[in-house]
>>> print(open('final.pdb').read())   # PDB, C-alpha atoms
MODEL        1
ATOM      1  CA  MET A 325      -8.822  -8.221  36.706
ATOM      2  CA  LYS A 326      -7.481  -6.017  33.987
ATOM      3  CA  ALA A 327      -9.594  -5.269  30.894
ATOM      4  CA  ILE A 328      -7.240  -6.957  28.424
ATOM      5  CA  LYS A 329      -7.246 -10.087  30.597
ATOM      6  CA  THR A 330     -11.042 -10.240  30.481
ATOM      7  CA  LEU A 331     -11.032  -9.549  26.725
ATOM      8  CA  LEU A 332      -8.555 -12.318  25.922
ATOM      9  CA  LEU A 333     -10.385 -14.890  28.049
ATOM     10  CA  THR A 334     -13.920 -14.078  26.937
ATOM     11  CA  PHE A 335     -13.535 -13.018  23.295
ATOM     12  CA  SER A 336     -13.967 -16.455  21.765
ATOM     13  CA  PHE A 337     -17.101 -17.067  23.815
ATOM     14  CA  VAL A 338     -18.692 -13.761  22.775
ATOM     15  CA  VAL A 339     -17.892 -14.030  19.071
ATOM     16  CA  PRO A 340     -19.277 -17.105  17.257
ATOM     17  CA  PHE A 341     -16.516 -19.664  16.747
ATOM     18  CA  PHE A 342     -16.997 -19.791  12.994
ATOM     19  CA  LEU A 343     -15.886 -16.150  12.726
ATOM     20  CA  ILE A 344     -12.565 -17.017  14.350
ATOM     21  CA  ALA A 345     -12.124 -20.027  12.097
ATOM     22  CA  GLN A 346     -12.850 -17.890   9.060
ATOM     23  CA  SER A 347     -10.093 -15.479  10.053
ATOM     24  CA  GLY A 348      -7.456 -18.165   9.420
ATOM     25  CA  THR A 349      -6.146 -17.886  12.988
ATOM     26  CA  GLU A 350      -7.642 -20.961  14.628
ATOM     27  CA  ALA A 351      -5.330 -22.427  17.243
ATOM     28  CA  LYS A 352      -4.518 -26.122  17.415
ATOM     29  CA  VAL A 353      -2.567 -28.380  19.755
ATOM     30  CA  VAL A 354       0.603 -29.897  18.304
ATOM     31  CA  VAL A 355       3.724 -31.561  19.677
ATOM     32  CA  GLU A 356       6.611 -29.091  19.597
ATOM     33  CA  SER A 357       9.818 -28.041  21.301
ATOM     34  CA  VAL A 358       9.980 -24.485  22.614
ATOM     35  CA  GLY A 359      12.942 -23.328  24.654
ATOM     36  CA  ASP A 360      13.801 -26.138  27.076
ATOM     37  CA  SER A 361      10.304 -27.606  26.934
ATOM     38  CA  HIS A 362       8.876 -30.307  24.689
ATOM     39  CA  GLY A 363       5.366 -31.675  24.386
ATOM     40  CA  ASP A 364       1.878 -30.439  23.672
ATOM     41  CA  ALA A 365       1.914 -26.855  22.425
ATOM     42  CA  VAL A 366      -0.643 -24.376  21.147
ATOM     43  CA  GLU A 367       0.142 -23.376  17.555
ATOM     44  CA  VAL A 368      -1.430 -20.657  15.460
ATOM     45  CA  THR A 369      -0.660 -18.773  12.255
ATOM     46  CA  ILE A 370      -0.348 -14.978  12.301
ATOM     47  CA  SER A 371      -0.574 -12.924   9.110
ATOM     48  CA  ARG A 372       1.930 -10.197   8.137
ATOM     49  CA  ALA A 373       3.080  -9.351  11.678
ATOM     50  CA  GLU A 374       6.790  -9.026  12.507
ATOM     51  CA  ASP A 375       8.517 -11.343  14.996
ATOM     52  CA  LYS A 376       9.386  -8.525  17.402
ATOM     53  CA  ASP A 377       5.827  -7.158  17.364
ATOM     54  CA  ILE A 378       4.350 -10.595  18.092
ATOM     55  CA  LEU A 379       6.722 -11.184  20.999
ATOM     56  CA  LYS A 380       6.098  -7.681  22.336
ATOM     57  CA  ALA A 381       2.336  -8.248  22.287
ATOM     58  CA  TRP A 382       2.696 -11.678  23.908
ATOM     59  CA  LYS A 383       4.936 -10.219  26.608
ATOM     60  CA  LYS A 384       2.183  -7.725  27.414
ATOM     61  CA  VAL A 385      -0.365 -10.535  27.701
ATOM     62  CA  MET A 386       1.876 -12.506  30.051
ATOM     63  CA  LYS A 387       2.616  -9.449  32.198
ATOM     64  CA  ASP A 388      -1.138  -8.863  32.487
ATOM     65  CA  TYR A 389      -1.168 -12.234  34.238
ATOM     66  CA  ASP A 390       1.659 -11.144  36.551
ATOM     67  CA  GLY A 391       4.271 -13.083  34.596
ATOM     68  CA  ASP A 392       7.984 -12.292  34.711
ATOM     69  CA  VAL A 393       8.900 -12.263  31.014
ATOM     70  CA  SER A 394      12.253 -12.458  29.264
ATOM     71  CA  ILE A 395      12.828 -12.466  25.508
ATOM     72  CA  LYS A 396      15.813 -14.026  23.803
ATOM     73  CA  GLY A 397      15.908 -14.158  20.027
ATOM     74  CA  ASN A 398      12.533 -15.418  18.834
ATOM     75  CA  THR A 399      11.608 -17.009  22.163
ATOM     76  CA  ALA A 400       9.755 -15.501  25.116
ATOM     77  CA  THR A 401       9.823 -17.200  28.514
ATOM     78  CA  ALA A 402       7.324 -16.204  31.201
ATOM     79  CA  VAL A 403       7.392 -17.557  34.756
ATOM     80  CA  GLU A 404       5.079 -17.094  37.727
ATOM     81  CA  VAL A 405       2.155 -16.604  35.350
ATOM     82  CA  ILE A 406      -1.179 -16.641  37.181
ATOM     83  CA  ILE A 407      -4.085 -17.825  35.013
ATOM     84  CA  PRO A 408      -6.749 -19.259  37.371
ATOM     85  CA  LEU A 409      -8.780 -20.747  34.516
ATOM     86  CA  ILE A 410      -5.798 -22.949  33.656
ATOM     87  CA  SER A 411      -4.323 -23.690  37.081
ATOM     88  CA  SER A 412      -4.338 -22.411  40.626
ATOM     89  CA  ASP A 413      -0.546 -22.708  40.592
ATOM     90  CA  PRO A 414       1.895 -20.365  38.813
ATOM     91  CA  LEU A 415       2.634 -21.372  35.236
ATOM     92  CA  LYS A 416       5.717 -21.344  33.080
ATOM     93  CA  VAL A 417       4.865 -20.313  29.519
ATOM     94  CA  GLN A 418       7.401 -20.563  26.716
ATOM     95  CA  ALA A 419       6.538 -19.132  23.310
ATOM     96  CA  GLU A 420       8.366 -18.919  20.020
ATOM     97  CA  VAL A 421       7.837 -17.247  16.653
ATOM     98  CA  LYS A 422       8.795 -19.364  13.656
ATOM     99  CA  SER A 423       8.801 -18.844   9.918
ATOM    100  CA  GLY A 424       5.604 -19.817   8.142
ATOM    101  CA  PRO A 425       4.050 -19.659   4.682
ATOM    102  CA  LYS A 426       4.370 -16.467   2.644
ATOM    103  CA  ASN A 427       3.586 -13.364   4.725
ATOM    104  CA  LYS A 428       2.783 -15.505   7.770
ATOM    105  CA  LYS A 429       4.430 -16.468  11.042
ATOM    106  CA  VAL A 430       3.821 -19.530  13.185
ATOM    107  CA  PHE A 431       3.426 -18.810  16.905
ATOM    108  CA  VAL A 432       3.858 -21.713  19.328
ATOM    109  CA  ALA A 433       3.370 -21.667  23.103
ATOM    110  CA  ILE A 434       3.754 -24.319  25.798
ATOM    111  CA  PHE A 435       1.894 -23.829  29.099
ATOM    112  CA  GLU A 436       3.370 -25.816  32.002
ATOM    113  CA  ASP A 437       2.208 -26.272  35.582
ATOM    114  CA  GLY A 438       5.287 -27.887  37.044
ATOM    115  CA  ASP A 439       5.522 -31.243  35.257
ATOM    116  CA  ILE A 440       1.956 -30.956  33.956
ATOM    117  CA  ASN A 441       1.448 -29.685  30.412
ATOM    118  CA  GLN A 442      -1.618 -27.435  30.276
ATOM    119  CA  SER A 443      -1.390 -26.466  26.590
ATOM    120  CA  HIS A 444      -4.439 -28.549  25.712
ATOM    121  CA  THR A 445      -6.773 -26.390  27.831
ATOM    122  CA  GLU A 446      -9.351 -24.211  26.105
ATOM    123  CA  THR A 447      -8.098 -21.137  27.962
ATOM    124  CA  ALA A 448      -4.552 -21.638  26.657
ATOM    125  CA  LYS A 449      -5.854 -22.027  23.119
ATOM    126  CA  THR A 450      -8.085 -18.971  23.559
ATOM    127  CA  LEU A 451      -5.198 -16.771  24.722
ATOM    128  CA  VAL A 452      -3.029 -17.737  21.741
ATOM    129  CA  GLU A 453      -5.885 -17.625  19.243
ATOM    130  CA  ASN A 454      -7.067 -14.186  20.284
ATOM    131  CA  LEU A 455      -3.524 -12.817  20.181
ATOM    132  CA  ALA A 456      -3.163 -14.162  16.626
ATOM    133  CA  LYS A 457      -6.527 -12.760  15.589
ATOM    134  CA  GLU A 458      -5.714  -9.277  16.884
ATOM    135  CA  MET A 459      -2.158  -9.236  15.520
ATOM    136  CA  SER A 460      -3.321 -10.476  12.107
ATOM    137  CA  ARG A 461      -6.092  -7.902  12.002
ATOM    138  CA  GLU A 462      -3.774  -5.011  12.857
ATOM    139  CA  ALA A 463      -0.978  -6.165  10.533
ATOM    140  CA  THR A 464      -3.280  -6.784   7.564
ATOM    141  CA  GLU A 465      -4.992  -3.440   8.213
ATOM    142  CA  ASP A 466      -1.581  -1.738   8.084
ATOM    143  CA  HIS A 467      -0.737  -3.669   4.918
ATOM    144  CA  HIS A 468      -4.021  -2.622   3.339
ATOM    145  CA  GLY A 469      -3.349   0.994   4.269
ATOM    146  CA  ALA A 470       0.132   0.848   2.750
ATOM    147  CA  GLN A 471      -1.165  -0.743  -0.464
ATOM    148  CA  ALA A 472      -3.996   1.792  -0.654
ATOM    149  CA  LYS A 473      -1.447   4.604  -0.269
ATOM    150  CA  ILE A 474       0.612   3.175  -3.144
ATOM    151  CA  LEU A 475      -2.544   2.863  -5.257
ATOM    152  CA  LYS A 476      -3.486   6.461  -4.508
ATOM    153  CA  SER A 477      -0.003   7.592  -5.561
ATOM    154  CA  LEU A 478      -0.193   5.592  -8.798
ATOM    155  CA  GLU A 479      -3.648   6.959  -9.548
ATOM    156  CA  GLY A 480      -2.289  10.455  -8.909
ATOM    157  CA  ASN A 481       0.548   9.808 -11.357
ATOM    158  CA  LEU A 482      -1.952   8.536 -13.925
ATOM    159  CA  LYS A 483      -4.083  11.637 -13.410
ATOM    160  CA  ASP A 484      -1.004  13.820 -14.047
ATOM    161  CA  LEU A 485      -0.198  11.877 -17.214
ATOM    162  CA  ILE A 486      -3.781  12.206 -18.459
ATOM    163  CA  ARG A 487      -3.646  15.944 -17.793
ATOM    164  CA  ASP A 488      -0.322  16.188 -19.656
ATOM    165  CA  LYS A 489      -1.791  14.174 -22.535
ATOM    166  CA  GLU A 490      -4.818  16.445 -22.762
ATOM    167  CA  LYS A 491      -2.580  19.521 -22.680
ATOM    168  CA  ALA A 492      -0.366  18.078 -25.429
ATOM    169  CA  GLU A 493      -3.432  17.283 -27.537
ATOM    170  CA  LYS A 494      -4.680  20.831 -27.055
ATOM    171  CA  ASP A 495      -1.250  22.192 -27.990
ATOM    172  CA  ILE A 496      -1.343  20.071 -31.122
ATOM    173  CA  GLU A 497      -4.799  21.345 -32.011
ATOM    174  CA  ASP A 498      -3.663  24.914 -31.367
ATOM    175  CA  CYS A 499      -0.622  24.296 -33.545
ATOM    176  CA  LYS A 500      -2.848  22.895 -36.271
ATOM    177  CA  GLU A 501      -4.930  26.073 -36.176
ATOM    178  CA  THR A 502      -1.771  28.168 -36.222
ATOM    179  CA  ILE A 503      -0.429  26.189 -39.184
ATOM    180  CA  LYS A 504      -3.777  26.507 -40.948
ATOM    181  CA  ASP A 505      -3.765  30.284 -40.387
ATOM    182  CA  ALA A 506      -0.141  30.503 -41.553
ATOM    183  CA  GLU A 507      -0.914  28.488 -44.683
ATOM    184  CA  TYR A 508      -3.838  30.829 -45.423
ATOM    185  CA  ASP A 509      -1.589  33.858 -44.885
ATOM    186  CA  LEU A 510       1.049  32.276 -47.093
ATOM    187  CA  LYS A 511      -1.412  31.753 -49.946
ATOM    188  CA  LYS A 512      -2.756  35.276 -49.493
ATOM    189  CA  ASN A 513       0.796  36.605 -49.529
ATOM    190  CA  GLU A 514       1.529  34.673 -52.700
ATOM    191  CA  LYS A 515      -1.504  36.163 -54.468
ATOM    192  CA  GLU A 516      -0.665  39.670 -53.284
ATOM    193  CA  ARG A 517       2.967  39.257 -54.431
ATOM    194  CA  ALA A 518       1.790  38.130 -57.848
ATOM    195  CA  LYS A 519      -0.508  41.169 -58.169
ATOM    196  CA  LEU A 520       2.242  43.475 -56.957
ATOM    197  CA  GLN A 521       4.749  41.970 -59.363
ATOM    198  CA  ASP A 522       2.275  42.629 -62.209
ATOM    199  CA  LYS A 523       1.878  46.222 -61.037
ATOM    200  CA  ILE A 524       5.681  46.617 -60.820
ATOM    201  CA  LYS A 525       6.047  45.235 -64.313
ATOM    202  CA  ALA A 526       3.387  47.620 -65.631
ATOM    203  CA  GLN A 527       4.943  50.505 -63.767
ATOM    204  CA  LYS A 528       8.369  49.732 -65.210
ATOM    205  CA  GLU A 529       6.831  49.883 -68.660
ATOM    206  CA  LYS A 530       5.326  53.270 -67.812
ATOM    207  CA  VAL A 531       8.706  54.493 -66.507
ATOM    208  CA  ASN A 532      10.443  53.342 -69.691
ATOM    209  CA  ALA A 533       7.800  54.976 -71.826
ATOM    210  CA  ALA A 534       8.124  58.203 -69.887
ATOM    211  CA  HIS A 535      11.880  58.072 -70.260
ATOM    212  CA  GLU A 536      11.604  57.619 -74.018
ATOM    213  CA  GLU A 537       9.193  60.489 -74.152
ATOM    214  CA  PHE A 538      11.599  62.649 -72.172
ATOM    215  CA  LYS A 539      14.423  61.800 -74.548
ATOM    216  CA  LEU A 540      12.371  63.201 -77.440
ATOM    217  CA  HIS A 541      12.479  66.612 -75.821
ATOM    218  CA  ASP A 542      16.148  66.489 -74.845
TER
ENDMDL
END
>>> encode(input="final.pdb", output="structure tokens")
Amino acid sequence: MKAIKTLLLTFSFVVPFFLIAQSGTEAKVVVESVGDSHGDAVEVTISRAEDKDILKAWKKVMKDYDGDVSIKGNTATAVEVIIPLISSDPLKVQAEVKSGPKNKKVFVAIFEDGDINQSHTETAKTLVENLAKEMSREATEDHHGAQAKILKSLEGNLKDLIRDKEKAEKDIEDCKETIKDAEYDLKKNEKERAKLQDKIKAQKEKVNAAHEEFKLHD
């Protein structure tokens, strides 16, 4: 028997049941219509997975049990499915993905042995429940990774803004020092201009005096 077949059939017996219940993917038997079948069906909720991915995974499970699987829309029909723990005869299994609560899908499957509905069996519930558990785990892990990537990008943007802020603050401080130095130079220049203007004034007086003296000898 293939490894995935063994895993799907034994998982719930290896892992304590309360862990499965805690995952939010506990299967239950309801009355539903799937494809051309109506009656007892195994229903489970799957988190964040896409319809096509759920049906693709379910098709793989059915093919592992030698089923001939066809998918039309949101419904997968498998015939000649051999699951000894359910029946010694080939089964017809019809499954459908339906809309559920936010970020969730409802997966429903009907297991039929001729006119006998086998959906109430523990093995049927185990197959559906373990599929939901694995799909939910993978999909929520992908969602977490995507959200973590967005967070990392936002934190990177914040880091850039903080760096820009610190640079701007430094530029402001540098400008303040430059302005302070310029104001000092301006005051120094003003004092030096005043002294020079006094010297020019005194020198003009000397020039005028010298000119008057020169005129005396003309």
>>> closest_residue(input="final.pdb", among="A:Ala400, A:Arg487, A:Asp439, A:Lys511", to="Val385 (chain A)", atoms="all atoms listed in the file")
A:Ala400
>>> residues_around(input="final.pdb", residues="Ile407 (chain A)", least_positions_apart="4", cutoff="9 Å", atoms="all atoms listed in the file", output="list in words")
Tyr389, Asp390, Ser411, Ser412, Asp413, Pro414, Leu415 and Thr447 of chain A
>>> atom_distance(input="final.pdb", atom1="CA of Val353 (chain A)", atom2="CA of Ser443 (chain A)")
7.2 Å
>>> residues_around(input="final.pdb", residues="Val432 (chain A)", least_positions_apart="4", cutoff="7 Å", atoms="all atoms listed in the file", output="ChimeraX atom specification")
/A:365-368,419-421
>>> residues_around(input="final.pdb", residues="region 450-461 of chain A", least_positions_apart="6", cutoff="6 Å", atoms="only C-alpha atoms", output="list in words")
Leu332, Thr349, Glu350, Ala351, Ile370 and Ser371 of chain A
>>> closest_residue(input="final.pdb", among="A:Ala381, A:Ile440, A:Ala472, A:Leu482", to="Ile395 (chain A)", atoms="only C-alpha atoms")
A:Ala381
>>> closest_residue(input="final.pdb", among="A:Lys476, A:Lys525, A:Lys530, A:Lys380", to="Gly397 (chain A)", atoms="only C-alpha atoms")
A:Lys380
>>> atom_distance(input="final.pdb", atom1="CA of Met386 (chain A)", atom2="CA of Val403 (chain A)")
8.8 Å
>>> atom_distance(input="final.pdb", atom1="CA of Asp437 (chain A)", atom2="CA of Lys384 (chain A)")
20.3 Å
>>> residues_around(input="final.pdb", residues="Asp360 (chain A)", least_positions_apart="3", cutoff="12 Å", atoms="only C-alpha atoms", output="list of chain:residue names")
A:Glu356, A:Ser357, A:Gly363, A:Thr399, A:Ala400, A:Thr401, A:Lys416, A:Val417, A:Gln418, A:Ala419, A:Glu420, A:Ile434, A:Glu436
